[in-house]
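K.L.:
Next comes input-v4.txt, compact mmCIF, C-alpha atoms:
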```
# COMPACT_ATOMS: atom_id res chain seq x y z
CA MET W 1 86.75 -2.06 -20.57
CA ARG W 2 85.48 -5.23 -18.92
CA TYR W 3 86.05 -3.70 -15.48
CA LEU W 4 84.14 -0.58 -16.53
CA LYS W 5 81.09 -2.70 -17.48
CA ILE W 6 81.21 -4.50 -14.12
CA VAL W 7 81.31 -1.22 -12.24
CA VAL W 8 78.39 0.23 -14.22
CA THR W 9 76.32 -2.92 -13.73
CA GLY W 10 76.99 -2.89 -9.99
CA ALA W 11 75.98 0.76 -9.77
CA LEU W 12 72.71 0.04 -11.57
CA LEU W 13 71.93 -2.86 -9.22
CA LEU W 14 72.55 -0.66 -6.21
CA ALA W 15 70.27 2.01 -7.66
CA VAL W 16 67.51 -0.50 -8.31
CA SER W 17 67.83 -1.92 -4.80
CA ALA W 18 67.76 1.59 -3.36
CA VAL W 19 64.42 2.20 -5.11
CA PHE W 20 62.61 -1.09 -4.37
CA VAL W 21 63.79 -1.95 -0.87
CA PRO W 22 62.24 1.14 0.78
CA ALA W 23 58.98 0.48 -1.09
CA SER W 24 58.81 -3.08 0.21
CA SER W 25 59.59 -1.81 3.70
CA VAL W 26 56.70 0.65 3.49
CA PHE W 27 54.40 -2.16 2.31
CA ALA W 28 55.40 -4.31 5.27
CA LYS W 29 54.83 -1.44 7.66
CA GLU W 30 51.43 -0.76 6.14
CA ASN W 31 50.30 -4.32 6.87
CA ASP W 32 52.15 -5.31 10.05
CA GLU W 33 52.86 -2.25 12.14
CA VAL W 34 50.14 -0.80 14.29
CA ALA W 35 48.94 2.60 13.11
CA THR W 36 46.32 4.94 14.55
CA ARG W 37 43.73 5.90 11.96
CA PRO W 38 40.04 6.86 11.97
CA LEU W 39 37.83 3.89 12.81
CA ASN W 40 37.02 1.70 9.84
CA ALA W 41 35.73 -1.70 10.91
CA GLU W 42 32.85 -4.15 10.61
CA ILE W 43 31.20 -6.11 13.40
CA SER W 44 29.05 -9.24 13.39
CA PRO W 45 26.34 -9.97 14.39
CA ALA W 46 24.47 -6.69 14.22
CA ARG W 47 22.65 -7.45 17.47
CA LEU W 48 22.94 -9.92 20.35
CA THR W 49 19.80 -11.35 21.92
CA LEU W 50 20.61 -13.60 24.87
CA GLN W 51 18.39 -15.67 27.13
CA GLY W 52 19.22 -17.45 30.34
CA LYS W 53 18.13 -18.34 33.84
CA PRO W 54 19.35 -17.12 37.22
CA GLY W 55 22.70 -18.66 38.09
CA GLU W 56 23.58 -19.62 34.49
CA THR W 57 26.69 -18.72 32.50
CA ILE W 58 26.04 -17.55 28.94
CA ASN W 59 28.86 -17.84 26.41
CA THR W 60 28.78 -16.21 22.98
CA GLU W 61 31.14 -14.38 20.64
CA ILE W 62 31.41 -11.43 18.30
CA LYS W 63 33.63 -10.89 15.25
CA ILE W 64 35.48 -7.73 14.19
CA ARG W 65 36.96 -7.02 10.76
CA ASN W 66 39.56 -4.30 10.22
CA ARG W 67 39.01 -2.32 7.02
CA ASN W 68 41.95 0.05 7.48
CA ALA W 69 45.03 -0.48 5.23
CA GLY W 70 47.23 -1.59 8.12
CA ALA W 71 47.05 -3.19 11.52
CA THR W 72 44.78 -1.34 13.97
CA LYS W 73 44.55 -1.53 17.72
CA PHE W 74 40.99 -1.59 19.07
CA LYS W 75 39.45 -1.53 22.51
CA ILE W 76 36.17 -3.02 23.72
CA GLU W 77 33.97 -1.83 26.57
CA ILE W 78 30.44 -2.06 28.00
CA MET W 79 28.00 0.85 28.16
CA LYS W 80 24.47 1.20 29.46
CA VAL W 81 21.46 1.71 27.12
CA ARG W 82 18.80 4.27 27.91
CA SER W 83 15.55 4.96 26.04
CA ASP W 84 13.07 7.84 26.19
CA GLY W 85 10.45 5.87 24.28
CA LYS W 86 11.55 7.14 20.87
CA THR W 87 15.36 7.08 20.74
CA LEU W 88 18.13 5.07 22.36
CA SER W 89 21.20 6.60 23.98
CA LEU W 90 24.40 5.24 25.49
CA GLU W 91 25.56 6.12 28.99
CA THR W 92 28.67 5.42 31.00
CA PRO W 93 27.79 2.89 33.71
CA ALA W 94 27.35 4.20 37.22
CA ALA W 95 29.01 2.67 40.27
CA ASN W 96 25.79 0.90 41.30
CA ASP W 97 25.21 -0.67 37.87
CA ASP W 98 26.29 -4.13 38.99
CA PHE W 99 24.87 -5.86 35.90
CA ILE W 100 27.71 -4.30 33.87
CA LYS W 101 30.17 -6.42 35.83
CA TRP W 102 28.51 -9.65 34.66
CA VAL W 103 30.06 -9.25 31.18
CA SER W 104 33.68 -10.09 30.30
CA PHE W 105 35.69 -10.37 27.06
CA GLY W 106 38.47 -12.73 27.92
CA SER W 107 41.75 -11.56 29.44
CA LYS W 108 42.23 -8.34 27.43
CA LYS W 109 40.06 -5.37 26.56
CA THR W 110 42.45 -4.21 23.81
CA PHE W 111 43.53 -6.19 20.76
CA THR W 112 45.17 -5.69 17.38
CA VAL W 113 43.60 -6.68 14.08
CA LYS W 114 45.47 -6.78 10.77
CA TYR W 115 44.07 -5.37 7.55
CA ASP W 116 41.01 -7.29 6.24
CA GLU W 117 41.29 -9.79 9.08
CA TRP W 118 38.32 -11.10 11.10
CA LYS W 119 39.07 -11.44 14.82
CA THR W 120 36.78 -13.40 17.15
CA ILE W 121 36.18 -11.96 20.62
CA PRO W 122 34.63 -14.26 23.28
CA VAL W 123 31.81 -12.79 25.38
CA THR W 124 30.79 -14.29 28.72
CA LEU W 125 27.87 -13.32 30.97
CA GLU W 126 27.73 -14.61 34.53
CA VAL W 127 24.08 -14.32 35.54
CA PRO W 128 23.67 -14.15 39.33
CA GLU W 129 21.00 -16.03 41.25
CA ASP W 130 19.02 -12.89 42.04
CA ALA W 131 18.86 -11.68 38.42
CA ALA W 132 15.41 -11.16 36.93
CA PHE W 133 13.85 -10.21 33.62
CA THR W 134 15.65 -7.79 31.27
CA TYR W 135 19.03 -6.06 30.99
CA ASP W 136 20.16 -3.81 28.13
CA TYR W 137 23.81 -3.52 27.15
CA ALA W 138 25.89 -1.91 24.41
CA ILE W 139 29.20 -3.53 23.46
CA VAL W 140 31.24 -0.64 22.08
CA ILE W 141 34.25 -1.00 19.73
CA SER W 142 36.58 1.96 19.18
CA ASN W 143 40.22 2.83 18.51
CA ALA W 144 42.50 2.16 21.46
CA GLU W 145 44.14 5.54 20.79
CA LEU W 146 42.78 8.69 19.24
CA PRO W 147 43.82 9.23 15.62
CA PRO W 148 46.12 12.19 14.86
CA SER W 149 44.43 15.56 14.45
CA ALA W 150 43.82 16.98 11.00
CA PRO W 151 46.42 19.40 9.62
CA GLY W 152 45.91 22.88 11.04
CA SER W 153 43.63 21.60 13.84
CA THR W 154 44.12 20.53 17.43
CA GLN W 155 41.09 18.21 17.39
CA SER W 156 40.76 14.66 16.14
CA ILE W 157 37.61 12.83 15.13
CA ASP W 158 37.02 9.25 16.13
CA GLY W 159 34.06 6.90 15.80
CA LYS W 160 32.56 4.02 17.73
CA ILE W 161 30.59 0.93 16.79
CA ALA W 162 27.85 -0.09 19.23
CA LEU W 163 26.53 -3.64 19.34
CA PHE W 164 23.24 -3.70 21.23
CA THR W 165 22.92 -6.70 23.52
CA LEU W 166 19.57 -7.64 25.06
CA LEU W 167 19.51 -10.10 27.95
CA ASP W 168 16.33 -11.88 29.10
CA VAL W 169 16.48 -13.73 32.41
CA ASP W 170 13.70 -16.28 32.77
CA ALA W 171 13.05 -15.78 36.45
CA PRO W 172 9.76 -16.62 38.23
CA GLY W 173 7.07 -14.17 37.11
CA ALA W 174 8.62 -13.50 33.71
CA VAL W 175 6.04 -12.55 31.07
CA ARG W 176 6.56 -11.95 27.37
CA ALA W 177 3.57 -10.13 25.86
CA ALA W 178 2.74 -7.43 23.32
CA ALA W 179 -0.25 -5.49 22.04
CA ILE W 180 -1.09 -3.26 19.10
CA GLN W 181 -1.63 0.24 20.44
CA ARG W 182 -2.47 1.90 17.13
CA PHE W 183 -2.90 0.90 13.51
CA GLU W 184 -4.03 3.45 10.96
CA ALA W 185 -3.63 4.65 7.39
CA SER W 186 -1.79 7.86 6.63
CA SER W 187 -5.07 9.45 5.45
CA PRO W 188 -8.75 8.43 5.48
CA TRP W 189 -8.80 8.95 1.70
CA VAL W 190 -6.30 9.59 -1.07
CA THR W 191 -6.54 10.46 -4.73
CA TYR W 192 -3.78 8.10 -5.84
CA LEU W 193 -1.42 5.67 -4.13
CA PRO W 194 0.82 5.42 -2.15
CA VAL W 195 -0.95 4.94 1.16
CA GLY W 196 1.16 4.76 4.31
CA PHE W 197 0.42 2.69 7.42
CA GLU W 198 1.68 3.04 10.98
CA THR W 199 1.62 0.15 13.43
CA GLU W 200 2.41 1.03 17.02
CA MET W 201 3.32 -2.01 19.14
CA LYS W 202 3.71 -1.95 22.91
CA ASN W 203 5.58 -4.31 25.20
CA ILE W 204 3.10 -5.13 27.99
CA GLY W 205 5.28 -7.81 29.59
CA ASN W 206 8.58 -7.75 31.47
CA LEU W 207 10.78 -9.44 28.83
CA HIS W 208 11.94 -8.23 25.44
CA VAL W 209 9.47 -9.00 22.66
CA ALA W 210 9.63 -8.76 18.85
CA PRO W 211 6.24 -9.14 17.11
CA VAL W 212 6.41 -9.84 13.37
CA GLY W 213 3.69 -10.46 10.82
CA ASN W 214 1.90 -9.22 7.73
CA LEU W 215 -0.42 -6.48 6.58
CA PHE W 216 -3.25 -7.55 4.25
CA ILE W 217 -5.26 -5.15 2.07
CA LYS W 218 -8.67 -6.07 0.61
CA ASP W 219 -10.91 -4.15 -1.78
CA MET W 220 -14.65 -3.49 -1.39
CA PHE W 221 -15.44 -6.91 -2.88
CA GLY W 222 -13.31 -8.75 -0.32
CA ARG W 223 -10.50 -9.57 -2.75
CA GLN W 224 -6.96 -9.45 -1.36
CA VAL W 225 -4.93 -6.98 -3.41
CA ALA W 226 -1.70 -6.54 -1.40
CA THR W 227 0.43 -8.15 1.31
CA MET W 228 3.29 -6.49 3.20
CA THR W 229 5.66 -7.57 5.97
CA VAL W 230 5.43 -5.73 9.29
CA ASN W 231 8.56 -5.33 11.48
CA LYS W 232 10.63 -7.13 8.87
CA GLU W 233 13.87 -6.68 10.84
CA ALA W 234 12.25 -8.33 13.90
CA GLY W 235 13.20 -5.37 16.04
CA TYR W 236 12.76 -5.92 19.76
CA ILE W 237 10.71 -3.70 22.04
CA LEU W 238 12.12 -2.80 25.45
CA THR W 239 9.95 -3.32 28.50
CA ASP W 240 7.41 -0.54 29.14
CA HIS W 241 8.17 0.89 25.71
CA SER W 242 6.43 1.16 22.35
CA LYS W 243 7.73 0.88 18.84
CA THR W 244 6.17 2.22 15.64
CA VAL W 245 6.86 0.58 12.27
CA THR W 246 5.72 1.92 8.91
CA ASN W 247 4.61 0.34 5.64
CA GLU W 248 3.70 1.86 2.30
CA TRP W 249 1.37 0.53 -0.41
CA THR W 250 2.54 1.75 -3.82
CA ASN W 251 1.19 -0.85 -6.26
CA GLY W 252 -1.43 1.16 -8.11
CA PHE W 253 -2.28 2.89 -11.38
CA PRO W 254 -1.41 5.68 -11.49
CA TYR W 255 0.74 6.39 -8.42
CA ASN W 256 2.71 9.29 -6.97
CA ARG W 257 6.46 8.75 -6.96
CA ILE W 258 8.77 10.77 -4.75
CA LYS W 259 11.71 12.19 -6.70
CA ALA W 260 15.22 12.77 -5.43
CA ASP W 261 14.51 16.46 -4.72
CA GLY W 262 11.57 15.56 -2.46
CA THR W 263 8.81 16.51 -4.90
CA THR W 264 6.28 14.03 -6.28
CA GLU W 265 5.32 13.13 -9.81
CA LEU W 266 2.35 11.17 -11.10
CA VAL W 267 3.50 8.01 -12.91
CA TRP W 268 1.26 6.49 -15.61
CA ASP W 269 2.62 3.00 -16.13
CA TRP W 270 0.11 1.61 -18.64
CA SER W 271 1.40 -1.92 -18.10
CA GLN W 272 -0.20 -1.65 -14.64
CA LEU W 273 -3.60 -0.53 -15.94
CA SER W 274 -5.24 -3.53 -14.26
CA SER W 275 -4.00 -2.18 -10.91
CA ILE W 276 -6.22 0.89 -10.93
CA ARG W 277 -7.41 1.56 -7.37
CA ILE W 278 -10.84 2.96 -6.57
CA GLY W 279 -13.33 2.60 -3.73
CA LYS W 280 -13.13 1.53 -0.10
CA TYR W 281 -10.26 -0.66 1.10
CA THR W 282 -9.74 -2.53 4.36
CA ALA W 283 -6.31 -3.19 5.90
CA ASP W 284 -5.72 -5.93 8.49
CA VAL W 285 -2.47 -6.34 10.41
CA VAL W 286 -1.73 -9.76 11.91
CA LEU W 287 1.33 -10.00 14.19
CA ILE W 288 2.72 -12.98 16.09
CA TYR W 289 5.06 -13.17 19.08
CA ASN W 290 6.23 -16.13 21.12
CA ASP W 291 5.43 -16.04 24.82
CA GLY W 292 7.92 -18.81 25.57
CA GLN W 293 5.44 -21.62 25.00
CA ARG W 294 3.52 -20.87 21.82
CA ASP W 295 2.92 -18.22 19.15
CA ILE W 296 0.36 -15.58 20.15
CA PRO W 297 -1.45 -13.61 17.37
CA ILE W 298 -2.50 -9.98 17.77
CA THR W 299 -4.59 -8.18 15.14
CA SER W 300 -6.01 -4.79 14.22
CA GLN W 301 -7.97 -3.30 11.33
CA THR W 302 -8.44 0.03 9.59
CA SER W 303 -10.09 1.27 6.40
CA PHE W 304 -9.54 4.04 3.88
CA TRP W 305 -10.80 5.24 0.49
CA VAL W 306 -9.04 5.70 -2.84
CA ILE W 307 -10.98 8.26 -4.90
CA PRO W 308 -9.19 9.20 -8.15
CA TRP W 309 -11.55 12.09 -8.79
CA PRO W 310 -9.75 13.44 -11.90
CA ILE W 311 -10.23 10.09 -13.62
CA LEU W 312 -13.83 9.88 -12.40
CA LEU W 313 -14.53 13.41 -13.68
CA VAL W 314 -13.25 12.51 -17.15
CA LEU W 315 -15.34 9.33 -17.17
CA LEU W 316 -18.43 11.30 -16.10
CA VAL W 317 -18.00 13.75 -18.98
CA ILE W 318 -17.63 10.85 -21.43
CA ILE W 319 -20.76 9.15 -20.04
CA VAL W 320 -22.79 12.37 -20.29
CA ILE W 321 -21.73 12.84 -23.92
CA VAL W 322 -22.58 9.23 -24.81
CA VAL W 323 -25.98 9.36 -23.06
CA ALA W 324 -26.83 12.67 -24.75
CA GLY W 325 -25.97 11.15 -28.14
CA ILE W 326 -28.14 8.08 -27.48
CA VAL W 327 -31.10 10.22 -26.36
CA SER W 328 -30.78 12.45 -29.42
CA PHE W 329 -30.67 9.39 -31.70
CA PHE W 330 -33.84 7.84 -30.26
CA ARG W 331 -35.67 11.17 -30.39
CA SER W 332 -34.88 11.40 -34.11
CA ILE W 333 -36.18 7.86 -34.60
CA GLY W 334 -39.38 8.75 -32.69
CA ARG W 335 -40.01 11.83 -34.80
CA LEU W 336 -39.54 9.77 -37.96
CA ILE W 337 -41.98 7.12 -36.76
CA ARG W 338 -44.62 9.72 -35.83
CA ARG W 339 -44.22 11.38 -39.23
CA MET W 340 -44.77 8.09 -41.03
CA GLY W 341 -47.70 7.14 -38.76
CA GLY W 342 -49.48 10.47 -39.36
CA GLY W 343 -49.52 9.97 -43.15
CA SER W 344 -50.99 6.48 -42.86
CA LYS W 345 -53.75 7.68 -40.58
CA LYS W 346 -54.74 10.38 -43.07
CA ILE W 347 -55.07 7.83 -45.87
CA VAL W 348 -57.19 5.56 -43.68
CA GLU W 349 -59.45 8.45 -42.68
CA GLU W 350 -60.06 9.32 -46.31
CA LYS W 351 -61.19 5.77 -47.08
CA GLU W 352 -63.15 5.18 -43.89
CA VAL W 353 -66.83 5.74 -43.87
CA VAL W 354 -68.37 6.54 -40.57
CA VAL W 355 -71.99 5.93 -40.08
CA GLN W 356 -73.18 7.99 -37.20
CA GLU W 357 -76.89 7.56 -37.28
CA VAL W 358 -79.34 6.07 -39.72
CA HIS W 359 -83.08 6.70 -39.62
CA VAL W 360 -85.37 5.29 -42.21
CA GLU W 361 -89.04 5.23 -42.72
CA ASN W 362 -91.00 2.17 -41.79
CA ASP W 363 -91.89 1.41 -45.30
CA ASP W 364 -88.34 1.60 -46.78
CA GLU W 365 -87.40 -2.06 -46.24
CA GLU W 366 -84.60 -2.13 -48.81
CA VAL W 367 -82.72 0.79 -47.32
CA ALA W 368 -83.20 -0.54 -43.78
CA ALA W 369 -81.82 -3.92 -44.74
CA LEU W 370 -78.83 -2.33 -46.46
CA ALA W 371 -78.14 -0.13 -43.43
CA GLU W 372 -78.37 -3.08 -41.10
CA GLU W 373 -75.85 -4.91 -43.26
CA VAL W 374 -73.42 -1.99 -43.16
CA VAL W 375 -73.81 -1.05 -39.51
CA GLY W 376 -73.97 -4.60 -38.27
CA THR W 377 -76.82 -4.02 -35.84
CA PRO W 378 -80.54 -3.73 -36.33
CA VAL W 379 -81.61 -0.21 -37.17
CA SER W 380 -84.31 1.16 -34.98
CA LYS W 381 -87.19 2.77 -36.70
CA PRO W 382 -87.72 6.42 -35.86
CA LYS W 383 -90.90 7.58 -34.37
CA LYS W 384 -90.89 10.53 -36.63
CA LYS W 385 -90.55 10.25 -40.30
CA THR W 386 -87.28 11.83 -41.31
CA THR W 387 -85.17 11.64 -44.35
CA LYS W 388 -81.34 11.55 -44.20
CA GLN W 389 -78.70 10.63 -46.67
CA LEU W 390 -77.12 7.24 -46.08
CA LYS W 391 -73.38 6.93 -46.60
CA VAL W 392 -72.47 3.40 -47.53
CA PRO W 393 -69.05 2.18 -48.72
CA GLY W 394 -69.11 1.67 -52.41
CA HIS W 395 -72.41 3.49 -52.78
CA ALA W 396 -71.13 7.04 -52.58
CA ASN W 397 -72.50 7.89 -56.08
CA LYS W 398 -75.90 6.25 -55.51
CA LYS W 399 -78.44 8.67 -54.18
CA LYS W 400 -81.97 7.66 -53.45
CA LYS W 401 -84.75 10.11 -53.00
CA SER W 402 -87.22 9.34 -50.34
CA SER W 403 -90.85 10.24 -51.07
CA SER W 404 -92.59 12.48 -48.74
CA ILE W 405 -96.26 11.58 -48.09
CA PRO W 406 -98.25 14.55 -46.96
CA LYS W 407 -100.52 14.13 -44.06
CA SER W 408 -104.23 13.80 -44.90
CA THR W 409 -106.36 16.65 -43.96
CA ASP W 410 -109.80 16.50 -42.63
CA ASP W 411 -111.88 18.56 -44.97
CA SER W 412 -114.69 18.39 -42.69
CA LYS W 413 -112.76 20.38 -40.17
```
How does this structure look as structure tokens?

P.N.:
Amino acid sequence: MRYLKIVVTGALLLAVSAVFVPASSVFAKENDEVATRPLNAEISPARLTLQGKPGETINTEIKIRNRNAGATKFKIEIMKVRSDGKTLSLETPAANDDFIKWVSFGSKKTFTVKYDEWKTIPVTLEVPEDAAFTYDYAIVISNAELPPSAPGSTQSIDGKIALFTLLDVDAPGAVRAAAIQRFEASSPWVTYLPVGFETEMKNIGNLHVAPVGNLFIKDMFGRQVATMTVNKEAGYILTDHSKTVTNEWTNGFPYNRIKADGTTELVWDWSQLSSIRIGKYTADVVLIYNDGQRDIPITSQTSFWVIPWPILLVLLVIIVIVVAGIVSFFRSIGRLIRRMGGGSKKIVEEKEVVVQEVHVENDDEEVAALAEEVVGTPVSKPKKKTTKQLKVPGHANKKKKSSSIPKSTDDSK
């Protein structure tokens, strides 16, 4: 019975070892043995910008990290960079491209990198005495062997990582200079933000140049309302080439937001009510580049309008309604005042006594004196004897008859 237990235990141990040993072998192979897989790697830095003088040796390095689950064999090579003014392309060096031969990567152009390992590759440039100005390279990393083709296919897909390398040789006559060719808003006027800006920079020297700076936006009162960085990545411009960088001003109320499907929607963020944009705005771009001795500024300016006409239309309707209500209110007050003033005038007219003309006879001294007291001025005596009723305040019920003296007649006639 004891022997039976020993045999069973031994069999179980063999079974367990049969299961786990192959698994550990696979794990070792996955991490140590070289396998050909699609390219999956990182490279640092993202760009090399080198400067030197004729006859100098420039030493630098790059680092490669393998992201494949297993050791991978890579190769490194140099290619030539071409540009049509808008896009860059890589070309296989021609036989007369001697500047390609200046670059070396140590003793080997192939190397193996384990999983998640960073490998440092030395880079050396031997600049000849007759070198001048600029040279554009691309250090290309790829699999040393093509990965196996996909099942059911005779083709395999492989990738490459290109590290752009710009070399400036400070030879006699070297000039580093740039200019702003064009700076403009996306539209002369918009209803709501955003507003886009395009800044076209041109290399007018014979060395690589990378202008960087800021874009400032001011309102119609001269207040600065926004600041943005221009050429944030400090991208270089090749000689005799231009580069256009874009910026977008979105900080406004309301503003149009681009959705994932490409359409736009108007966003009313009431917490940004103070950021309502209206009127004329001025944008200034200020860029700086170093010419090798000092920083050189270059500037340009443009203007645009923000006219939120739907909001203005609503405000106009509200203003018209308010003004109409105020006018109607004051007209009602005016009519009420005129109505009250007309009644008072009627009462005064009933009590007022108007003396138009008073004529008295020469011999009626009492009436003349009373008239003079009422009128306030001496009463002239009429040439002809007439009799008229005198209207005096407080004497409306007193009537005095004036005697009429007949003219004497000449009996003798």

K.L.:
Please put the answer as AutoDock Vina command-line options: centre and edge lengths, in Å with one decimal, of a box along x, y and z that encloses all listed atoms of region 184-191 of chain W plus 4 Å on each side.

P.N.:
```
--center_x -5.3 --center_y 7.0 --center_z 3.1 --size_x 15.0 --size_y 15.0 --size_z 23.7
```

K.L.:
Excluding same-chain residues fewer than 5 positions from region 133-136 of chain W, what lies within 9 Å of it counting only C-alpha atoms, as a list in words?

P.N.:
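The residues that qualify are Lys80, Val81, Arg82, Phe99, Phe164, Thr165, Leu166, Leu167, Asp168, Val169, Asp170, Ala171, Pro172, Gly173, Ala174, Val175, Asn206, Leu207, His208, Leu238 and Thr239 of chain W.
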
K.L.:
Skip region 123-128 of chain W itself and residues of its chain fewer than 2 positions away, then list as JSON, numbers by chain all residues within 8 Å of it, counting all atoms listed in the file.

P.N.:
{"W": [52, 53, 54, 55, 56, 57, 58, 59, 60, 61, 62, 102, 103, 104, 105, 106, 121, 130, 131]}

K.L.:
Nearest residue to Gly252 (chain W) out of W:Gln272, W:Thr120, W:Ser89, W:Ser142, using all atoms listed in the file?

P.N.:
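Going through W:Gln272, W:Thr120, W:Ser89, W:Ser142 one by one, the smallest distance to Gly252 (chain W) is for W:Gln272.
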
K.L.:
Go through W:Glu198, W:Glu233, W:Asp269, W:Asp295 one by one, measure the shortest atom-to-atom distance of each to Arg47 (chain W) using only C-alpha atoms, and give the residue with the smallest value.

P.N.:
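Nearest to Arg47 (chain W): W:Glu233.
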
K.L.:
Rounded to one decimal place, report the CA of Phe304 (chain W)-CA of Pro194 (chain W) distance in Å.

P.N.:
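The value is 12.1 Å.
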
K.L.:
Could you name the residues that touch Asp219 (chain W) at 8 Å or less, counting all atoms listed in the file, but leaving out those on the same chain fewer than 2 positions away, as a list in words?

P.N.:
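These residues fall inside the cut-off: Ile217, Phe221, Gly222, Arg223, Gln224, Val225, Gly279, Lys280, Tyr281 and Thr282 of chain W.
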
K.L.:
Considering all atoms listed in the file, state which residue in the set W:Leu193, W:Met340, W:Ala69, W:Val245 is at the smallest distance from Ile307 (chain W).

P.N.:
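Distance minimum relative to Ile307 (chain W) lands on W:Leu193.
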
K.L.:
What is the distance, in Å and to one decimal place, between CA of Tyr255 (chain W) and CA of Val230 (chain W)?

P.N.:
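Straight-line distance from CA of Tyr255 (chain W) to CA of Val230 (chain W) works out to 22.0 Å.
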
K.L.:
Excluding Arg65 (chain W) and its own-chain neighbours fewer than 5 positions away, which residues fall within 7 Å of it when counting only C-alpha atoms? Please give them as an mmCIF file with C-alpha atoms, in the coordinates of the input.

P.N.:
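For reference, out_38.cif as written:
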```
data_model
loop_
_atom_site.group_PDB
_atom_site.id
_atom_site.type_symbol
_atom_site.label_atom_id
_atom_site.label_comp_id
_atom_site.auth_asym_id
_atom_site.auth_seq_id
_atom_site.Cartn_x
_atom_site.Cartn_y
_atom_site.Cartn_z
ATOM 1 C CA ALA W 41 35.730 -1.700 10.910
ATOM 2 C CA GLU W 42 32.850 -4.150 10.610
ATOM 3 C CA ILE W 43 31.200 -6.110 13.400
ATOM 4 C CA ASP W 116 41.010 -7.290 6.240
ATOM 5 C CA GLU W 117 41.290 -9.790 9.080
ATOM 6 C CA TRP W 118 38.320 -11.100 11.100
ATOM 7 C CA LYS W 119 39.070 -11.440 14.820
#
```

K.L.:
Using CA of Ser83 (chain W) and CA of Ala144 (chain W) as the two end points, give the distance in Å to one decimal.

P.N.:
27.5 Å

K.L.:
Enumerate, as a ChimeraX atom specification, the protein, DNA and RNA residues whose atoms approach (-2.8, -4.3, 14.1) to within 10 Å, taking into account all atoms listed in the file and the coordinate frame of the file.

P.N.:
/W:179-184,198-201,213-215,230,283-287,297-302

K.L.:
Using all atoms listed in the file, can you tell me which of W:Ile288, W:Pro38, W:Gly334, W:Lys243 comes closest to Thr87 (chain W)?

P.N.:
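Smallest separation from Thr87 (chain W) among the options: W:Lys243.
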
K.L.:
Choose the residue, out of W:Ala94, W:Ile139, W:Asn40, W:Trp268, that has the smallest atom-to-atom separation from Ile78 (chain W); count only C-alpha atoms.

P.N.:
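Closest candidate: W:Ile139.
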